[in-house]
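Novice: Okay, handing you the structure first.
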Amino acid sequence: MSSHSEFQAAGWRVDHDPRTGRTTILVGDRVSALRAPAGFAAHVHHVLAVHLQAGPVLADGPDWVLFTQPDPDAEMPVDLPELTTVPNGTRLALPPLADSRWITPPRPGLSAPAHQVICSATRRALLTAPRAAA
């Protein structure tokens with residue numbers, strides 16, 4: 001099964017960019033996305049997993065991308081500067097599903113959590129994440 005069909009089996013509509021040879025997804029179509037620094041995002045992901053609400057997560061450089069249900073009206077709460085929204089309409093390059101950059105790859109039966117669920121998990125992670133020494 002090709003990577004393209006594996007994404008489709010998970011309910012993600014992806015495209016192949018012939019110029020770069022990469023698989024991309026249009027943010028805001030089937031999923032939306034939030035970015036957070038990797039170390040902190042790991043705490044958020046743990047909170048989501050403990051509450052059985054973890055969805056697809058991708059390591060992307062120094063950040064993790066946490067995928068959410070699409071919500072065109074979702075606004076980023078001002079009390080969560082750790083999270084940034086990947087703007088709707090952005091083409092996000094995706095590695096193959098077997099790539100180690102997937103913390104949790106999309107798969108059939110695994111839904112992305114709602115935007116608000118990730119915001120709530122972020123608030124919980126802020127309360128429980130280890131603080132850096134001052």
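Residue numbering restarts at 1 for every chain of the structure tokens, chains are lettered A, B, ... in their displayed order, and ligands are numbered from 1 as they appear.
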Leaving out Gly21 in chain A and any residue of its chain fewer than 2 positions from it, which residues lie within 12 Å of it when counting only C-alpha atoms, given as a ChimeraX atom specification?
Specialist: /A:4,15-19,23-24,93-96
Novice: Output as a Markdown table one row per residue of range 29-81 of chain A within 8 Å of range 111-114 of chain A: the closest atom pair and its distance in Å to one decimal place, counting only C-alpha atoms, sorted by chain and residue number ascending.
Specialist:
```
| residue | atom | partner | partner_atom | distance |
| --- | --- | --- | --- | --- |
| A:Val31 | CA | A:Ala112 | CA | 7.3 |
| A:Gln53 | CA | A:Pro113 | CA | 6.2 |
| A:Ala54 | CA | A:Pro113 | CA | 6.8 |
| A:Gly55 | CA | A:Ala112 | CA | 4.5 |
| A:Pro56 | CA | A:Ala112 | CA | 6.2 |
| A:Phe67 | CA | A:Ala112 | CA | 5.8 |
| A:Thr68 | CA | A:Ala112 | CA | 4.7 |
| A:Gln69 | CA | A:Ala114 | CA | 4.9 |
| A:Pro70 | CA | A:Ala114 | CA | 7.7 |
```
Novice: Could you save those same residues with C-alpha atoms as an mmCIF file, in the first residue's frame?
Specialist:
```
data_model
loop_
_atom_site.group_PDB
_atom_site.id
_atom_site.type_symbol
_atom_site.label_atom_id
_atom_site.label_comp_id
_atom_site.auth_asym_id
_atom_site.auth_seq_id
_atom_site.Cartn_x
_atom_site.Cartn_y
_atom_site.Cartn_z
ATOM 1 C CA VAL A 31 -7.504 18.455 9.880
ATOM 2 C CA GLN A 53 -7.677 11.752 23.547
ATOM 3 C CA ALA A 54 -4.288 11.707 21.831
ATOM 4 C CA GLY A 55 -4.411 12.091 18.074
ATOM 5 C CA PRO A 56 -1.832 12.276 15.305
ATOM 6 C CA PHE A 67 -3.360 17.722 14.571
ATOM 7 C CA THR A 68 -6.909 18.752 15.507
ATOM 8 C CA GLN A 69 -10.377 18.517 14.068
ATOM 9 C CA PRO A 70 -10.877 21.299 11.531
#
```
Novice: So how far away is CA of Val117 in chain A from CA of Gly28 in chain A, in Å?
Specialist: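 These atoms are spaced 16.8 Å apart.
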Novice: When DSSP works through the backbone of this structure, what residues of chain A end up as alpha helix (DSSP H), shown as an MDAnalysis selection string?
Specialist: chainID A and resid 3:9 38:50 115:128
Novice: Give the strand (DSSP E or B) residues of chain A, as assigned by DSSP on the backbone, as a PyMOL selection string.
Specialist: chain A and resi 14-17+22-26+32-37+57-60+63-68+84-86+91-94+102-104
Novice: For the residues selected in the previous step, produce a file with N, CA and C atoms as an mmCIF file, in the first residue's frame.
Specialist:
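Output file result.cif follows:
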```
data_model
loop_
_atom_site.group_PDB
_atom_site.id
_atom_site.type_symbol
_atom_site.label_atom_id
_atom_site.label_comp_id
_atom_site.auth_asym_id
_atom_site.auth_seq_id
_atom_site.Cartn_x
_atom_site.Cartn_y
_atom_site.Cartn_z
ATOM 1 N N VAL A 14 -4.711 13.873 1.041
ATOM 2 C CA VAL A 14 -3.362 14.376 0.791
ATOM 3 C C VAL A 14 -3.142 14.519 -0.706
ATOM 4 N N ASP A 15 -2.152 15.300 -1.049
ATOM 5 C CA ASP A 15 -1.777 15.504 -2.437
ATOM 6 C C ASP A 15 -0.300 15.212 -2.604
ATOM 7 N N HIS A 16 0.062 14.839 -3.802
ATOM 8 C CA HIS A 16 1.465 14.634 -4.144
ATOM 9 C C HIS A 16 1.940 15.858 -4.908
ATOM 10 N N ASP A 17 2.977 16.503 -4.420
ATOM 11 C CA ASP A 17 3.547 17.664 -5.097
ATOM 12 C C ASP A 17 4.611 17.168 -6.070
ATOM 13 N N ARG A 22 6.950 15.462 -2.607
ATOM 14 C CA ARG A 22 6.470 15.306 -1.232
ATOM 15 C C ARG A 22 4.955 15.149 -1.180
ATOM 16 N N THR A 23 4.524 14.495 -0.130
ATOM 17 C CA THR A 23 3.107 14.383 0.174
ATOM 18 C C THR A 23 2.748 15.571 1.045
ATOM 19 N N THR A 24 1.649 16.243 0.715
ATOM 20 C CA THR A 24 1.231 17.408 1.493
ATOM 21 C C THR A 24 -0.238 17.278 1.873
ATOM 22 N N ILE A 25 -0.601 18.020 2.904
ATOM 23 C CA ILE A 25 -1.993 18.107 3.322
ATOM 24 C C ILE A 25 -2.357 19.580 3.419
ATOM 25 N N LEU A 26 -3.570 19.888 3.063
ATOM 26 C CA LEU A 26 -4.063 21.258 3.163
ATOM 27 C C LEU A 26 -4.662 21.438 4.555
ATOM 28 N N SER A 32 -6.876 20.360 11.175
ATOM 29 C CA SER A 32 -6.163 21.604 11.454
ATOM 30 C C SER A 32 -4.925 21.220 12.239
ATOM 31 N N ALA A 33 -4.066 22.193 12.530
ATOM 32 C CA ALA A 33 -2.806 21.857 13.184
ATOM 33 C C ALA A 33 -2.347 22.976 14.115
ATOM 34 N N LEU A 34 -1.743 22.557 15.216
ATOM 35 C CA LEU A 34 -1.137 23.473 16.189
ATOM 36 C C LEU A 34 0.313 23.071 16.370
ATOM 37 N N ARG A 35 1.183 24.066 16.572
ATOM 38 C CA ARG A 35 2.607 23.817 16.819
ATOM 39 C C ARG A 35 2.932 24.163 18.260
ATOM 40 N N ALA A 36 3.869 23.410 18.817
ATOM 41 C CA ALA A 36 4.399 23.709 20.146
ATOM 42 C C ALA A 36 5.831 23.193 20.195
ATOM 43 N N PRO A 37 6.673 23.818 21.026
ATOM 44 C CA PRO A 37 8.037 23.304 21.180
ATOM 45 C C PRO A 37 7.996 21.828 21.602
ATOM 46 N N VAL A 57 0.362 13.142 15.827
ATOM 47 C CA VAL A 57 1.371 14.135 16.202
ATOM 48 C C VAL A 57 2.617 13.881 15.367
ATOM 49 N N LEU A 58 3.192 14.964 14.853
ATOM 50 C CA LEU A 58 4.368 14.896 13.985
ATOM 51 C C LEU A 58 5.475 15.763 14.552
ATOM 52 N N ALA A 59 6.685 15.213 14.664
ATOM 53 C CA ALA A 59 7.859 15.999 15.035
ATOM 54 C C ALA A 59 8.322 16.739 13.786
ATOM 55 N N ASP A 60 8.482 18.059 13.906
ATOM 56 C CA ASP A 60 8.864 18.887 12.763
ATOM 57 C C ASP A 60 9.919 19.876 13.234
ATOM 58 N N ASP A 63 9.821 21.694 16.776
ATOM 59 C CA ASP A 63 8.419 21.685 17.200
ATOM 60 C C ASP A 63 7.782 20.331 16.968
ATOM 61 N N TRP A 64 6.658 20.151 17.635
ATOM 62 C CA TRP A 64 5.748 19.066 17.296
ATOM 63 C C TRP A 64 4.503 19.712 16.722
ATOM 64 N N VAL A 65 3.883 19.047 15.770
ATOM 65 C CA VAL A 65 2.615 19.480 15.198
ATOM 66 C C VAL A 65 1.542 18.541 15.741
ATOM 67 N N LEU A 66 0.586 19.123 16.458
ATOM 68 C CA LEU A 66 -0.537 18.370 17.011
ATOM 69 C C LEU A 66 -1.737 18.627 16.101
ATOM 70 N N PHE A 67 -2.249 17.576 15.505
ATOM 71 C CA PHE A 67 -3.360 17.722 14.571
ATOM 72 C C PHE A 67 -4.686 17.742 15.336
ATOM 73 N N THR A 68 -5.604 18.590 14.880
ATOM 74 C CA THR A 68 -6.909 18.752 15.507
ATOM 75 C C THR A 68 -8.005 18.579 14.465
ATOM 76 N N THR A 84 0.923 27.609 18.766
ATOM 77 C CA THR A 84 0.660 28.506 17.638
ATOM 78 C C THR A 84 -0.146 27.735 16.603
ATOM 79 N N THR A 85 -1.029 28.437 15.945
ATOM 80 C CA THR A 85 -1.878 27.835 14.929
ATOM 81 C C THR A 85 -1.152 27.783 13.593
ATOM 82 N N VAL A 86 -1.232 26.650 12.931
ATOM 83 C CA VAL A 86 -0.797 26.570 11.543
ATOM 84 C C VAL A 86 -1.977 27.102 10.743
ATOM 85 N N ARG A 91 -0.090 24.496 3.089
ATOM 86 C CA ARG A 91 0.249 23.148 2.624
ATOM 87 C C ARG A 91 1.376 22.643 3.519
ATOM 88 N N LEU A 92 1.088 21.608 4.287
ATOM 89 C CA LEU A 92 2.049 21.049 5.235
ATOM 90 C C LEU A 92 2.610 19.761 4.654
ATOM 91 N N ALA A 93 3.936 19.694 4.520
ATOM 92 C CA ALA A 93 4.592 18.493 4.006
ATOM 93 C C ALA A 93 4.554 17.407 5.072
ATOM 94 N N LEU A 94 4.236 16.185 4.646
ATOM 95 C CA LEU A 94 4.140 15.052 5.555
ATOM 96 C C LEU A 94 5.127 13.974 5.153
ATOM 97 N N TRP A 102 6.942 10.703 12.944
ATOM 98 C CA TRP A 102 5.575 10.573 13.456
ATOM 99 C C TRP A 102 5.650 10.089 14.893
ATOM 100 N N ILE A 103 5.218 10.915 15.831
ATOM 101 C CA ILE A 103 5.107 10.494 17.228
ATOM 102 C C ILE A 103 3.921 9.538 17.321
ATOM 103 N N THR A 104 2.818 9.941 16.728
ATOM 104 C CA THR A 104 1.628 9.108 16.576
ATOM 105 C C THR A 104 1.111 9.360 15.158
#
```
Novice: In Å, with one decimal, what is the gap from CA of Gly61 in chain A to CA of Ile118 in chain A?
Specialist: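 That distance, rounded to one decimal, is 20.3 Å.
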Novice: Check the smallest atom-to-atom distance from each of A:Thr122, A:Gly89, A:Pro62, A:Glu75 to Arg101 in chain A using only C-alpha atoms, then report the winner.
Specialist: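 When distances to Arg101 in chain A are compared using only C-alpha atoms, the smallest one comes from A:Pro62.
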Novice: I'd like the neighbourhood of Leu97 in chain A as a PyMOL selection string, where a residue qualifies if any of its atoms comes within 8 Å (using only C-alpha atoms), though same-chain residues fewer than 3 positions away should be ignored.
Specialist: chain A and resi 3+6-7+102+105-106
